[in-house]
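This report concerns only the one structure given below.
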Amino acid sequence: MDSFAKKVRTFDAFPKVDSQHTVRSQRGGFSTLMTAFCGLLIVWVEIGGFLGGYVDHQFIVDNEIKSSLVINVDMLVAMPCEFLHTNVEDITKDRYLAGETLNFQGTNFITPPTFNINNINDKHDTPDLDEIMQDSLRAEFSVSGARINEGAPACHIFGSIPVSHVKGDFHITAKGLGYSDRSHVPLEALNFSHVIQEFSFGDFYPFINNPLDASGKLTEEPLISYSYFAKVVPTLYQRLGLVVDTNQYSLTENNHVFKLEHKRPTGIPGIFFKYDFEPIKLIIIERRLPFIQFVARLATIVGGLLILGGYLFRMYEKILVVLLGKKYVDKDREKKSGGILDNDVKQKINSD
């Protein structure tokens with residue numbers, strides 16, 4: 001057994017110092033306690049990180065072929081419903097009458113106090129994994145194509161619009177402007193002030209925050225055009241087998257007031273949502289380190305901490321020697337008997 005212990009000791013990367021060659025001090029004890037405390041703290045943090053996992057963000061080329069998706073809309077426009085015309089036109093020049101699936105409900109125009117009104121939507125943050133998992137309640141609008149109380153001064157427009165998965169434009173204009181129509185809205189009756197409760201792409205998750213949610217514009221210009229430009233990125237959230245497949249989008253916007261020439265505006269007033277789809281996909285997934293990798297990482301960190309603690313303590317001792325002298329440093333150390341000088345003293349005392 002002793003021979004086996006000697007063979008193992010030869011492979012020790014950190015050979016131990018014999019106890020008779022070491023001394024103890026208050027500073028050394030305090031250093032040991034601090035190193036042990038830091039080590040336990042790091043172990044606690046690493047174990048918590050291992051159990052809780054980490055969030056991995058990846059961008060990949062979106063190789064999934066999609067032919068269509070839906071645009072979810074819930075907004076209020078400060079004009080009667082019978083004055084409004086809604087339409088979708090994509091890059092292939094295909095048109096879809098959004099009014100066939102959207103719902104129009106006459107109501108009074110209000111601006112909720114918590115909405116971001118007449119400000120640029122530049123404070124939107126990408127929802128994190130915890131927020132998405134808490135708010136991932138999928139829903140659908142219960143009605144489609146309904147028209148209620150159209151004579152009211154404002155119009156509540158809500159519903160889902162099926163569109164092709166290509167670059168397109170969803171817009172809200174006044175009848176008789178931009179499209180030929182039997183009715184014509186007087187220019188003085190135009191008012192494209194609006195508030196947006198929901199504007200999203202794909203499956204409808206009403207509690208997930210989007211850049212246009214809870215925003216709006218107020219204006220007194222009848223011939224104004226509001227344009228929103230959205231870059232849509234498919235996004236997949238995944239945690240413990242739960243998958244939320246949705247879409248995020250970045251947003252830029254501008255507005256333009258048209259002039260009146262020959263009693264006709266020089267452009268088309270309205271609200272325009274222009275969208276395009278990026279060829280990439282964002283994957284946000286919760287992962288955990290493999291157990292063997294976790295143990296190796298933990299051992300590496302603790303070993304490095306012990307080595308660093310030793311170096312720092314020796315550096316501290318040398319600084320004290322330079323500043324206060326060797327006598328000050330030695331007075332706190334434990335005094336041990338032994339060694340050549342002590343043996344010579346003992347022999348001299350015995351001979352006397």
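Just remember, in the structure tokens the first chain shown is A, the second B, etc., residues are 1-based per chain, and ligands are 1-based in the order shown.
Residues surrounding Phe258 in chain A within 12 Å are Leu187, Glu221, Pro222, Leu223, Ile224, Ser225, Tyr226, Asn255, His256, Leu260, Glu261, Lys263, Arg264, Pro265, Thr266, Gly267, Ile268, Pro269 and Gly270 of chain A [only C-alpha atoms; sequence separation below 2 positions excluded].
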Practice prompt. Identify, on the basis of only C-alpha atoms, every residue whose closest approach to Ser160 in chain A does not exceed 12 Å; exclude the query and any residue fewer than 5 positions from it along the same chain; express the result as a ChimeraX atom specification.
Written response: /A:69-75,98-103,139-145,170,198-205
Worksheet item: Per DSSP on the backbone, what are the alpha helix (DSSP H) residues of range 99-192 of chain A, as a VMD selection string?
Response: chain A and resid 129 to 135
Output the selection as a CSV table (one decimal), in the first residue's frame - N, CA, C and O atoms for each residue.
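Writing the result to again03.csv gives the following:
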chain,number,residue,atom,x,y,z
A,129,LEU,N,-36.8,35.5,-23.2
A,129,LEU,CA,-37.4,34.2,-23.2
A,129,LEU,C,-38.4,34.1,-22.1
A,129,LEU,O,-39.5,33.5,-22.3
A,130,ASP,N,-38.1,34.6,-20.9
A,130,ASP,CA,-39.1,34.5,-19.8
A,130,ASP,C,-40.4,35.2,-20.1
A,130,ASP,O,-41.5,34.8,-19.8
A,131,GLU,N,-40.2,36.4,-20.6
A,131,GLU,CA,-41.4,37.2,-21.0
A,131,GLU,C,-42.3,36.5,-22.0
A,131,GLU,O,-43.5,36.5,-21.9
A,132,ILE,N,-41.6,35.9,-23.0
A,132,ILE,CA,-42.4,35.3,-24.1
A,132,ILE,C,-43.1,34.1,-23.5
A,132,ILE,O,-44.3,33.8,-23.8
A,133,MET,N,-42.5,33.3,-22.7
A,133,MET,CA,-43.1,32.1,-22.1
A,133,MET,C,-44.3,32.5,-21.2
A,133,MET,O,-45.3,31.7,-21.1
A,134,GLN,N,-44.2,33.6,-20.5
A,134,GLN,CA,-45.3,34.0,-19.7
A,134,GLN,C,-46.5,34.6,-20.5
A,134,GLN,O,-47.6,34.4,-20.1
A,135,ASP,N,-46.2,35.2,-21.6
A,135,ASP,CA,-47.2,35.9,-22.4
A,135,ASP,C,-47.6,35.1,-23.6
A,135,ASP,O,-48.4,35.6,-24.5
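Comparing A:Cys81, A:Ala174, A:Leu289, A:Val295 by their smallest distance to Gly52 in chain A, the closest is A:Leu289 (using only C-alpha atoms).
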Practice prompt. From range 21-116 of chain A, collect each residue whose DSSP state is strand (DSSP E or B) and return the set as number ranges by chain.
Written response: A: 25, 54-61, 68-77, 84-90, 95-96, 103-107, 116
With N, CA and C atoms retained, export the selected residues as an mmCIF file, in the first residue's frame.
data_model
loop_
_atom_site.group_PDB
_atom_site.id
_atom_site.type_symbol
_atom_site.label_atom_id
_atom_site.label_comp_id
_atom_site.auth_asym_id
_atom_site.auth_seq_id
_atom_site.Cartn_x
_atom_site.Cartn_y
_atom_site.Cartn_z
ATOM 1 N N SER A 25 -0.116 31.904 10.514
ATOM 2 C CA SER A 25 -0.245 33.285 10.967
ATOM 3 C C SER A 25 -1.694 33.704 10.835
ATOM 4 N N TYR A 54 -28.845 28.332 -19.581
ATOM 5 C CA TYR A 54 -28.486 29.615 -20.177
ATOM 6 C C TYR A 54 -29.257 29.783 -21.487
ATOM 7 N N VAL A 55 -29.429 31.032 -21.908
ATOM 8 C CA VAL A 55 -30.200 31.334 -23.112
ATOM 9 C C VAL A 55 -29.237 31.495 -24.278
ATOM 10 N N ASP A 56 -29.467 30.726 -25.320
ATOM 11 C CA ASP A 56 -28.610 30.737 -26.502
ATOM 12 C C ASP A 56 -29.348 31.420 -27.648
ATOM 13 N N HIS A 57 -28.706 32.425 -28.259
ATOM 14 C CA HIS A 57 -29.263 33.138 -29.407
ATOM 15 C C HIS A 57 -28.516 32.715 -30.664
ATOM 16 N N GLN A 58 -29.257 32.298 -31.667
ATOM 17 C CA GLN A 58 -28.653 31.867 -32.921
ATOM 18 C C GLN A 58 -29.409 32.465 -34.094
ATOM 19 N N PHE A 59 -28.652 32.884 -35.093
ATOM 20 C CA PHE A 59 -29.230 33.316 -36.366
ATOM 21 C C PHE A 59 -28.914 32.256 -37.408
ATOM 22 N N ILE A 60 -29.933 31.800 -38.112
ATOM 23 C CA ILE A 60 -29.740 30.826 -39.173
ATOM 24 C C ILE A 60 -30.486 31.297 -40.418
ATOM 25 N N VAL A 61 -30.110 30.743 -41.552
ATOM 26 C CA VAL A 61 -30.847 31.034 -42.777
ATOM 27 C C VAL A 61 -32.215 30.353 -42.693
ATOM 28 N N SER A 68 -47.867 31.693 -46.976
ATOM 29 C CA SER A 68 -48.783 32.712 -46.459
ATOM 30 C C SER A 68 -48.634 32.828 -44.953
ATOM 31 N N LEU A 69 -49.180 33.887 -44.420
ATOM 32 C CA LEU A 69 -49.298 34.116 -42.993
ATOM 33 C C LEU A 69 -50.388 35.160 -42.791
ATOM 34 N N VAL A 70 -50.618 35.576 -41.552
ATOM 35 C CA VAL A 70 -51.664 36.558 -41.290
ATOM 36 C C VAL A 70 -51.054 37.789 -40.636
ATOM 37 N N ILE A 71 -51.719 38.922 -40.870
ATOM 38 C CA ILE A 71 -51.398 40.165 -40.177
ATOM 39 C C ILE A 71 -52.525 40.428 -39.181
ATOM 40 N N ASN A 72 -52.173 40.595 -37.907
ATOM 41 C CA ASN A 72 -53.155 40.840 -36.855
ATOM 42 C C ASN A 72 -53.232 42.336 -36.575
ATOM 43 N N VAL A 73 -54.442 42.888 -36.670
ATOM 44 C CA VAL A 73 -54.647 44.329 -36.554
ATOM 45 C C VAL A 73 -55.725 44.609 -35.513
ATOM 46 N N ASP A 74 -55.446 45.576 -34.657
ATOM 47 C CA ASP A 74 -56.460 46.084 -33.732
ATOM 48 C C ASP A 74 -56.149 47.565 -33.521
ATOM 49 N N MET A 75 -56.929 48.438 -34.174
ATOM 50 C CA MET A 75 -56.625 49.864 -34.132
ATOM 51 C C MET A 75 -57.904 50.688 -34.229
ATOM 52 N N LEU A 76 -57.766 51.967 -33.932
ATOM 53 C CA LEU A 76 -58.891 52.901 -33.940
ATOM 54 C C LEU A 76 -58.524 54.087 -34.824
ATOM 55 N N VAL A 77 -59.386 54.406 -35.797
ATOM 56 C CA VAL A 77 -59.161 55.515 -36.726
ATOM 57 C C VAL A 77 -60.260 56.554 -36.507
ATOM 58 N N LEU A 84 -63.937 54.561 -44.859
ATOM 59 C CA LEU A 84 -62.627 53.933 -44.951
ATOM 60 C C LEU A 84 -62.590 52.800 -45.963
ATOM 61 N N HIS A 85 -61.432 52.655 -46.580
ATOM 62 C CA HIS A 85 -61.185 51.580 -47.526
ATOM 63 C C HIS A 85 -59.888 50.884 -47.111
ATOM 64 N N THR A 86 -59.917 49.577 -46.920
ATOM 65 C CA THR A 86 -58.738 48.811 -46.523
ATOM 66 C C THR A 86 -58.369 47.841 -47.635
ATOM 67 N N ASN A 87 -57.069 47.719 -47.885
ATOM 68 C CA ASN A 87 -56.630 46.873 -48.989
ATOM 69 C C ASN A 87 -55.205 46.408 -48.735
ATOM 70 N N VAL A 88 -54.847 45.258 -49.319
ATOM 71 C CA VAL A 88 -53.497 44.719 -49.274
ATOM 72 C C VAL A 88 -53.015 44.517 -50.697
ATOM 73 N N GLU A 89 -51.810 44.991 -50.973
ATOM 74 C CA GLU A 89 -51.206 44.775 -52.285
ATOM 75 C C GLU A 89 -49.764 44.348 -52.083
ATOM 76 N N ASP A 90 -49.362 43.203 -52.676
ATOM 77 C CA ASP A 90 -48.003 42.720 -52.494
ATOM 78 C C ASP A 90 -47.161 43.005 -53.731
ATOM 79 N N ARG A 95 -53.894 41.798 -55.164
ATOM 80 C CA ARG A 95 -54.637 42.622 -54.214
ATOM 81 C C ARG A 95 -55.621 41.771 -53.435
ATOM 82 N N TYR A 96 -55.762 42.150 -52.175
ATOM 83 C CA TYR A 96 -56.708 41.436 -51.317
ATOM 84 C C TYR A 96 -57.535 42.470 -50.573
ATOM 85 N N ASN A 103 -62.933 43.410 -39.150
ATOM 86 C CA ASN A 103 -64.175 43.839 -38.525
ATOM 87 C C ASN A 103 -64.157 45.350 -38.334
ATOM 88 N N PHE A 104 -65.292 45.984 -38.591
ATOM 89 C CA PHE A 104 -65.423 47.432 -38.473
ATOM 90 C C PHE A 104 -66.523 47.742 -37.472
ATOM 91 N N GLN A 105 -66.138 48.396 -36.395
ATOM 92 C CA GLN A 105 -67.097 48.716 -35.336
ATOM 93 C C GLN A 105 -67.050 50.209 -35.055
ATOM 94 N N GLY A 106 -68.176 50.886 -35.269
ATOM 95 C CA GLY A 106 -68.251 52.314 -34.994
ATOM 96 C C GLY A 106 -68.190 52.611 -33.513
ATOM 97 N N THR A 107 -67.440 53.636 -33.148
ATOM 98 C CA THR A 107 -67.277 53.994 -31.744
ATOM 99 C C THR A 107 -66.796 55.434 -31.658
ATOM 100 N N ASN A 116 -48.208 55.574 -26.459
ATOM 101 C CA ASN A 116 -47.144 56.434 -26.963
ATOM 102 C C ASN A 116 -47.682 57.208 -28.164
#
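Among the candidate residues A:Phe158, A:Tyr237, A:Phe109, A:Phe115, the one lying nearest to Ser193 in chain A is A:Phe109, with distances computed using only C-alpha atoms.
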Discussion item. From the options A:Ala152, A:Ile120, A:Tyr311, A:Val163, which residue's atoms come nearest to Asn254 in chain A, counting only C-alpha atoms?
Written reply: A:Ile120
